[in-house]
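Shown next: work15.cif, containing mmCIF, C-alpha atoms.
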data_input
loop_
_atom_site.label_atom_id
_atom_site.label_comp_id
_atom_site.auth_asym_id
_atom_site.auth_seq_id
_atom_site.Cartn_x
_atom_site.Cartn_y
_atom_site.Cartn_z
CA MET A 143 75.17 -185.10 10.34
CA ALA A 144 74.69 -181.80 12.14
CA GLU A 145 78.12 -182.00 13.78
CA ASN A 146 79.70 -181.63 10.35
CA ARG A 147 77.61 -178.70 9.19
CA ALA A 148 79.63 -175.53 8.65
CA SER A 149 78.33 -172.44 10.41
CA THR A 150 79.39 -169.92 7.80
CA ASN A 151 75.81 -168.71 7.25
CA GLU A 152 75.01 -168.39 10.95
CA GLU A 153 74.93 -165.15 12.85
CA THR A 154 76.73 -164.60 16.12
CA TYR A 155 74.26 -163.98 18.94
CA GLY A 156 74.83 -161.96 22.07
CA GLU A 157 74.06 -162.95 25.65
CA GLY A 158 70.31 -163.36 26.15
CA VAL A 159 69.31 -163.23 22.48
CA PRO A 160 66.89 -165.98 21.34
CA CYS A 161 69.16 -168.10 19.16
CA TRP A 162 67.40 -171.44 18.61
CA VAL A 163 64.07 -173.26 18.82
CA ASP A 164 63.27 -176.95 18.97
CA ALA A 165 60.12 -179.03 19.13
CA GLN A 166 59.75 -182.15 21.28
CA LEU A 167 57.35 -184.40 19.38
CA PRO A 168 55.91 -187.92 19.72
CA ASP A 169 56.47 -188.53 16.00
CA VAL A 170 59.33 -186.69 14.29
CA GLU A 171 58.42 -188.06 10.85
CA ALA A 172 54.91 -186.63 11.18
CA GLY A 173 56.48 -183.35 12.30
CA LYS A 174 58.68 -183.29 9.20
CA ARG A 175 55.63 -183.71 6.97
CA PHE A 176 53.66 -181.00 8.80
CA TYR A 177 56.37 -178.33 9.00
CA GLY A 178 57.87 -179.23 5.66
CA GLU A 179 54.54 -178.51 3.99
CA LEU A 180 53.71 -175.47 6.14
CA PHE A 181 57.06 -173.66 5.97
CA GLY A 182 58.89 -175.27 3.06
CA TRP A 183 61.53 -176.71 5.39
CA THR A 184 63.79 -179.59 4.45
CA PHE A 185 65.46 -181.81 7.01
CA GLU A 186 68.72 -183.53 7.79
CA GLU A 187 69.93 -185.74 10.62
CA ALA A 188 71.28 -183.90 13.63
CA HIS A 189 72.70 -184.92 16.99
CA GLY A 190 71.31 -188.20 18.30
CA SER A 191 67.83 -188.89 16.94
CA SER A 192 66.86 -185.27 16.32
CA VAL A 193 66.70 -183.55 12.92
CA TRP A 194 67.53 -180.04 11.81
CA ALA A 195 65.01 -178.05 9.80
CA LEU A 196 66.60 -176.09 6.96
CA LEU A 197 65.30 -173.26 4.81
CA ASP A 198 67.31 -172.88 1.61
CA GLY A 199 70.12 -174.73 3.36
CA ASP A 200 70.19 -172.54 6.49
CA PRO A 201 69.36 -174.15 9.87
CA VAL A 202 66.20 -172.65 11.37
CA ALA A 203 64.93 -175.14 13.99
CA ALA A 204 65.19 -178.70 15.29
CA LEU A 205 62.66 -181.49 15.79
CA ALA A 206 63.39 -184.11 18.44
CA PRO A 207 61.52 -187.19 19.69
CA LYS A 208 60.07 -187.07 23.17
CA THR A 209 62.06 -189.44 25.36
CA ASP A 210 59.23 -189.74 27.89
CA GLY A 211 55.54 -189.81 27.03
CA ARG A 212 54.81 -187.75 30.13
CA MET A 213 56.80 -184.84 28.70
CA PRO A 214 54.79 -182.07 27.02
CA THR A 215 54.66 -181.73 23.24
CA VAL A 216 56.12 -178.24 22.93
CA TRP A 217 58.28 -175.74 21.11
CA THR A 218 61.11 -174.42 23.30
CA VAL A 219 63.09 -171.23 22.73
CA SER A 220 66.73 -171.11 23.78
CA PHE A 221 68.68 -168.00 24.75
CA CYS A 222 72.34 -167.63 23.87
CA THR A 223 74.91 -167.55 26.64
CA SER A 224 78.68 -167.65 26.86
CA ASP A 225 78.54 -169.80 30.02
CA ALA A 226 75.49 -171.98 30.66
CA GLY A 227 76.72 -173.04 34.10
CA ALA A 228 77.24 -169.49 35.32
CA LEU A 229 73.91 -168.37 33.89
CA GLY A 230 72.18 -171.29 35.60
CA ARG A 231 73.57 -170.13 38.93
CA ARG A 232 72.29 -166.60 38.28
CA ILE A 233 68.87 -167.98 37.37
CA THR A 234 68.71 -169.90 40.67
CA ALA A 235 69.86 -166.87 42.64
CA ALA A 236 67.11 -164.78 41.01
CA GLY A 237 64.38 -167.22 42.07
CA GLY A 238 64.23 -169.48 39.00
CA GLN A 239 65.45 -173.04 38.71
CA VAL A 240 67.64 -175.18 36.50
CA VAL A 241 65.42 -177.97 35.17
CA THR A 242 68.14 -179.81 33.22
CA ALA A 243 71.75 -179.08 34.13
CA PRO A 244 74.09 -178.02 31.31
CA TYR A 245 75.20 -180.93 29.12
CA PRO A 246 77.31 -181.14 25.95
CA VAL A 247 75.61 -181.78 22.61
CA GLY A 248 78.53 -183.27 20.75
CA ASP A 249 80.75 -180.44 19.56
CA LEU A 250 77.69 -178.32 18.71
CA GLY A 251 77.55 -176.62 22.10
CA VAL A 252 76.18 -176.93 25.63
CA ALA A 253 72.44 -177.01 26.34
CA ALA A 254 70.37 -176.60 29.50
CA LEU A 255 66.73 -176.09 30.48
CA ALA A 256 65.61 -173.56 33.05
CA ALA A 257 62.40 -172.13 34.46
CA ASP A 258 61.61 -168.64 35.67
CA PRO A 259 60.03 -167.97 39.10
CA GLU A 260 56.52 -168.53 37.65
CA GLY A 261 57.51 -171.82 36.04
CA ALA A 262 57.83 -170.80 32.38
CA VAL A 263 60.44 -173.10 30.79
CA PHE A 264 63.16 -171.92 28.41
CA GLY A 265 66.44 -173.22 27.05
CA LEU A 266 70.03 -172.04 27.32
CA TRP A 267 72.49 -172.51 24.48
CA GLN A 268 76.24 -172.07 24.84
CA PRO A 269 77.50 -172.23 21.26
CA GLY A 270 80.20 -174.54 20.00
CA THR A 271 80.25 -175.24 16.27
CA HIS A 272 76.51 -174.48 16.10
CA ARG A 273 75.94 -170.76 16.65
CA GLY A 274 72.16 -170.86 16.33
CA PHE A 275 69.75 -169.74 13.63
CA GLY A 276 71.26 -169.49 10.17
CA ARG A 277 68.23 -167.39 9.26
CA ARG A 278 65.62 -165.58 11.36
CA ARG A 279 63.00 -162.81 11.16
CA ARG A 280 62.19 -163.72 7.55
CA PRO A 281 59.14 -165.62 6.28
CA ASN A 282 59.05 -169.25 7.48
CA THR A 283 61.63 -168.68 10.23
CA PHE A 284 61.63 -167.72 13.90
CA VAL A 285 60.74 -164.08 14.45
CA TRP A 286 59.53 -163.61 18.04
CA ALA A 287 59.16 -165.25 21.48
CA GLU A 288 56.34 -164.05 23.70
CA LEU A 289 56.30 -164.89 27.40
CA TYR A 290 52.76 -165.17 28.73
CA THR A 291 53.03 -164.46 32.44
CA ARG A 292 50.84 -163.39 35.35
CA ASP A 293 53.23 -160.60 36.35
CA THR A 294 54.92 -158.72 33.52
CA ALA A 295 56.73 -156.36 35.92
CA ALA A 296 58.30 -159.29 37.76
CA ALA A 297 59.19 -160.90 34.43
CA ASN A 298 60.88 -157.71 33.27
CA THR A 299 62.89 -157.65 36.49
CA PHE A 300 63.90 -161.31 36.24
CA TYR A 301 64.82 -161.38 32.54
CA GLY A 302 66.15 -157.84 32.60
CA GLY A 303 68.56 -158.90 35.32
CA LEU A 304 69.70 -161.91 33.29
CA PHE A 305 69.70 -160.37 29.81
CA HIS A 306 69.77 -156.61 30.32
CA ASP A 307 71.76 -155.67 27.23
CA ALA A 308 69.70 -157.92 24.93
CA LEU A 309 66.41 -156.51 26.20
CA PHE A 310 67.14 -152.94 27.26
CA GLY A 311 70.59 -152.08 25.90
CA THR A 312 71.13 -149.01 23.71
CA ASP A 313 71.36 -151.05 20.50
CA ALA A 314 68.97 -153.82 21.54
CA GLU A 315 66.58 -155.23 18.94
CA PRO A 316 64.80 -157.78 21.13
CA ASP A 317 62.73 -160.60 19.67
CA PHE A 318 61.26 -161.28 23.12
CA GLY A 319 58.09 -159.76 24.58
CA ARG A 320 56.10 -160.20 27.78
CA ALA A 321 52.28 -160.24 28.04
CA GLU A 322 49.65 -161.13 30.59
CA VAL A 323 48.34 -164.70 30.32
CA THR A 324 44.78 -163.41 30.12
CA ASP A 325 45.54 -161.33 27.01
CA VAL A 326 45.11 -164.44 24.83
CA PHE A 327 44.94 -167.50 27.05
CA PRO A 328 42.60 -168.32 29.96
CA ALA A 329 43.76 -167.15 33.37
CA GLU A 330 44.28 -170.77 34.47
CA MET A 331 46.84 -171.36 31.69
CA PRO A 332 50.30 -171.70 33.26
CA PRO A 333 52.93 -169.13 32.30
CA HIS A 334 54.80 -170.20 29.17
CA PHE A 335 56.80 -169.09 26.16
CA LEU A 336 55.15 -169.04 22.75
CA VAL A 337 57.44 -169.35 19.72
CA HIS A 338 56.40 -167.22 16.70
CA PHE A 339 57.24 -167.96 13.08
CA ARG A 340 56.90 -165.25 10.47
CA VAL A 341 54.64 -165.87 7.46
CA ALA A 342 54.09 -163.85 4.31
CA ASP A 343 50.30 -164.38 4.31
CA LEU A 344 48.57 -165.27 7.56
CA GLY A 345 45.36 -166.41 5.88
CA ASP A 346 47.20 -168.82 3.61
CA ALA A 347 49.23 -170.16 6.52
CA LEU A 348 46.12 -170.77 8.64
CA GLY A 349 44.54 -172.61 5.73
CA ALA A 350 47.61 -174.84 5.53
CA VAL A 351 47.49 -175.53 9.27
CA HIS A 352 43.87 -176.72 8.93
CA ARG A 353 44.67 -178.80 5.85
CA LEU A 354 47.60 -180.49 7.60
CA GLY A 355 45.60 -181.49 10.68
CA GLY A 356 46.47 -178.65 13.04
CA ARG A 357 44.01 -176.28 14.66
CA VAL A 358 43.62 -172.63 15.59
CA GLN A 359 43.78 -171.81 19.31
CA ALA A 360 43.44 -168.04 18.94
CA PRO A 361 42.31 -166.42 15.67
CA PRO A 362 44.28 -163.43 14.32
CA PHE A 363 44.72 -160.49 16.67
CA GLY A 364 46.79 -157.32 16.50
CA THR A 365 49.89 -156.72 18.61
CA SER A 366 52.61 -154.08 18.73
CA TYR A 367 54.86 -156.44 16.76
CA GLY A 368 52.41 -157.62 14.06
CA VAL A 369 49.24 -159.66 13.49
CA VAL A 370 49.36 -163.00 15.30
CA ALA A 371 47.38 -166.25 15.33
CA VAL A 372 48.06 -169.04 17.83
CA VAL A 373 47.85 -172.57 16.44
CA THR A 374 48.80 -176.16 17.25
CA ASP A 375 50.39 -178.65 14.93
CA ASN A 376 48.92 -182.10 14.24
CA GLN A 377 50.55 -183.46 17.42
CA GLY A 378 49.44 -180.70 19.78
CA ALA A 379 52.52 -178.45 19.94
CA SER A 380 51.47 -174.80 20.19
CA PHE A 381 53.18 -172.03 18.24
CA ALA A 382 52.22 -168.71 16.69
CA LEU A 383 52.15 -167.36 13.15
CA LEU A 384 53.11 -163.70 12.77
CA GLN A 385 52.55 -161.44 9.79
CA ARG A 386 54.23 -158.05 9.82
#

Exercise: express the given structure as structure tokens:
Amino acid sequence: MAENRASTNEETYGEGVPCWVDAQLPDVEAGKRFYGELFGWTFEEAHGSSVWALLDGDPVAALAPKTDGRMPTVWTVSFCTSDAGALGRRITAAGGQVVTAPYPVGDLGVAALAADPEGAVFGLWQPGTHRGFGRRRRPNTFVWAELYTRDTAAANTFYGGLFHDALFGTDAEPDFGRAEVTDVFPAEMPPHFLVHFRVADLGDALGAVHRLGGRVQAPPFGTSYGVVAVVTDNQGASFALLQR
């Protein structure tokens, strides 16, 4: 079980650094087949009915069943915090909202869901025994989170106020960008976070997505942080593939 997994391979993440991603899926077994084939992940039981995705034994993501069919099928990025309750209060004071109040996840840590003033949803993670990614920025792991928003200046103010050192500090190496919704998605698309996984060969990865029943939402395009394609898995969860 995940509660017993040692965290010796896991990094320590600072306040406001993206430290974990999870997918809420109708069918976790189908998700295991899709992502196992696409990224070479293996899986083990985690807290409750969720599973951890592992790459060479290091935790890189989680897949969880949707508890309510009305919930979206999505990938969610979580930001590290030393105090989820205090951060939730700061989020509310800055014009956002706490969607799910902080709750313990066994001895792994404390989780919460929040939304920014435009409604983009993100997670908070206060680490316990689970620090976050055991591996990131390498092929077949999380590498970037892009916020698609209608007002990048307002987003910079909001997230900069919450996570200034992680985004704008002297030694910051942020894995978190902000872009206008209309850069890739239609203007009517609601603001949202898009989780990016790094791949060694974007063409090969897109071929695998097609073969496994997924589809391409946005074909490859250049960005300041690499070449990106936006795809969905075989259950409709959107994510991006990044080659750099």

Once the PyMOL selection byres ((chain A and resi 200) around 7) has been applied to the shown file, what residues remain in the selection, as a ChimeraX atom specification?
/A:151,196-199,201-202,276-277

Proximity of range 325-370 of chain A to range 203-217 of chain A: per-residue shortest pair, 12 Å limit, all atoms listed in the file, as CSV:
residue,atom,partner,partner_atom,distance
A:His334,CA,A:Val216,CA,10.3
A:Phe335,CA,A:Trp217,CA,8.5
A:Leu336,CA,A:Trp217,CA,7.6
A:Val337,CA,A:Trp217,CA,6.6
A:His338,CA,A:Trp217,CA,9.8
A:Phe339,CA,A:Ala203,CA,10.6

For the interface of range 292-364 of chain A with range 257-262 of chain A (cut-off 10 Å, counting all atoms listed in the file), please tabulate each contacting residue of range 292-364 of chain A alongside its nearest pair of atoms and their separation in Å to one decimal, rows sorted by chain and increasing number, as a Markdown table.
| residue | atom | partner | partner_atom | distance |
| --- | --- | --- | --- | --- |
| A:Arg292 | CA | A:Glu260 | CA | 8.0 |
| A:Asp293 | CA | A:Glu260 | CA | 8.7 |
| A:Ala296 | CA | A:Pro259 | CA | 9.0 |
| A:Ala297 | CA | A:Asp258 | CA | 8.2 |
| A:Phe300 | CA | A:Asp258 | CA | 7.7 |
| A:Tyr301 | CA | A:Asp258 | CA | 8.5 |
| A:Pro332 | CA | A:Ala262 | CA | 7.6 |
| A:Pro333 | CA | A:Ala262 | CA | 5.2 |
| A:His334 | CA | A:Ala262 | CA | 4.5 |
| A:Phe335 | CA | A:Ala262 | CA | 6.5 |

Mind giving me the straight-line distance from CA of Val370 in chain A to CA of Asp343 in chain A in Å, one decimal?
11.1 Å

Near-Gly178 in chain A list (12 Å; all atoms listed in the file; drop same-chain fewer than 4 positions) as a list in words
Val170, Glu171, Ala172, Gly173, Lys174, Gly182, Trp183, Thr184, Phe185, Glu186, Trp194, Ala195, Leu196, Leu197, Ala203, Leu205, Asn282, Ala350, Val351, Leu354 and Asp375 of chain A

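All residues that come within 12 Å of the coordinates (80.3, -169.5, 28.9), counting all atoms listed in the file, are given as A:Gly156, A:Glu157, A:Cys222, A:Thr223, A:Ser224, A:Asp225, A:Ala226, A:Gly227, A:Ala228, A:Leu229, A:Gly230, A:Pro244, A:Gly251, A:Val252, A:Ala253, A:Leu266, A:Trp267, A:Gln268, A:Pro269, A:Gly270.
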
CA of Ala371 in chain A to CA of Gly158 in chain A, distance in Å rounded to a single decimal
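That distance, rounded to one decimal, is 25.5 Å.
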
Residue completion, range 263-276 of chain A, N, CA, C and O atoms, as an mmCIF file, in the frame of the given file:
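That gives us rebuild.cif:
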data_model
loop_
_atom_site.group_PDB
_atom_site.id
_atom_site.type_symbol
_atom_site.label_atom_id
_atom_site.label_comp_id
_atom_site.auth_asym_id
_atom_site.auth_seq_id
_atom_site.Cartn_x
_atom_site.Cartn_y
_atom_site.Cartn_z
ATOM 1 N N VAL A 263 59.222 -172.376 31.131
ATOM 2 C CA VAL A 263 60.440 -173.100 30.790
ATOM 3 C C VAL A 263 61.088 -172.509 29.546
ATOM 4 O O VAL A 263 60.399 -172.179 28.574
ATOM 5 N N PHE A 264 62.410 -172.401 29.565
ATOM 6 C CA PHE A 264 63.160 -171.920 28.410
ATOM 7 C C PHE A 264 64.502 -172.617 28.373
ATOM 8 O O PHE A 264 64.947 -173.225 29.362
ATOM 9 N N GLY A 265 65.151 -172.564 27.218
ATOM 10 C CA GLY A 265 66.440 -173.220 27.050
ATOM 11 C C GLY A 265 67.593 -172.245 27.125
ATOM 12 O O GLY A 265 67.428 -171.031 26.937
ATOM 13 N N LEU A 266 68.771 -172.788 27.397
ATOM 14 C CA LEU A 266 70.030 -172.040 27.320
ATOM 15 C C LEU A 266 70.891 -172.731 26.274
ATOM 16 O O LEU A 266 70.921 -173.959 26.198
ATOM 17 N N TRP A 267 71.595 -171.944 25.482
ATOM 18 C CA TRP A 267 72.490 -172.510 24.480
ATOM 19 C C TRP A 267 73.824 -171.792 24.535
ATOM 20 O O TRP A 267 73.904 -170.583 24.330
ATOM 21 N N GLN A 268 74.867 -172.564 24.856
ATOM 22 C CA GLN A 268 76.240 -172.070 24.840
ATOM 23 C C GLN A 268 76.883 -172.597 23.559
ATOM 24 O O GLN A 268 77.138 -173.795 23.435
ATOM 25 N N PRO A 269 77.126 -171.738 22.579
ATOM 26 C CA PRO A 269 77.500 -172.230 21.260
ATOM 27 C C PRO A 269 78.878 -172.893 21.222
ATOM 28 O O PRO A 269 79.822 -172.458 21.887
ATOM 29 N N GLY A 270 78.938 -173.964 20.424
ATOM 30 C CA GLY A 270 80.200 -174.540 20.000
ATOM 31 C C GLY A 270 80.288 -174.320 18.495
ATOM 32 O O GLY A 270 80.327 -173.181 18.040
ATOM 33 N N THR A 271 80.239 -175.395 17.726
ATOM 34 C CA THR A 271 80.250 -175.240 16.270
ATOM 35 C C THR A 271 78.913 -174.737 15.740
ATOM 36 O O THR A 271 78.851 -174.198 14.636
ATOM 37 N N HIS A 272 77.842 -174.946 16.515
ATOM 38 C CA HIS A 272 76.510 -174.480 16.100
ATOM 39 C C HIS A 272 76.199 -173.172 16.813
ATOM 40 O O HIS A 272 76.003 -173.146 18.034
ATOM 41 N N ARG A 273 76.169 -172.073 16.056
ATOM 42 C CA ARG A 273 75.940 -170.760 16.650
ATOM 43 C C ARG A 273 74.472 -170.497 16.953
ATOM 44 O O ARG A 273 74.151 -169.722 17.855
ATOM 45 N N GLY A 274 73.582 -171.114 16.185
ATOM 46 C CA GLY A 274 72.160 -170.860 16.330
ATOM 47 C C GLY A 274 71.503 -170.735 14.977
ATOM 48 O O GLY A 274 71.937 -171.369 14.008
ATOM 49 N N PHE A 275 70.459 -169.911 14.899
ATOM 50 C CA PHE A 275 69.750 -169.740 13.630
ATOM 51 C C PHE A 275 70.695 -169.318 12.519
ATOM 52 O O PHE A 275 71.483 -168.381 12.668
ATOM 53 N N GLY A 276 70.579 -169.979 11.367
ATOM 54 C CA GLY A 276 71.260 -169.490 10.170
ATOM 55 C C GLY A 276 70.434 -168.431 9.473
ATOM 56 O O GLY A 276 70.944 -167.680 8.637
#
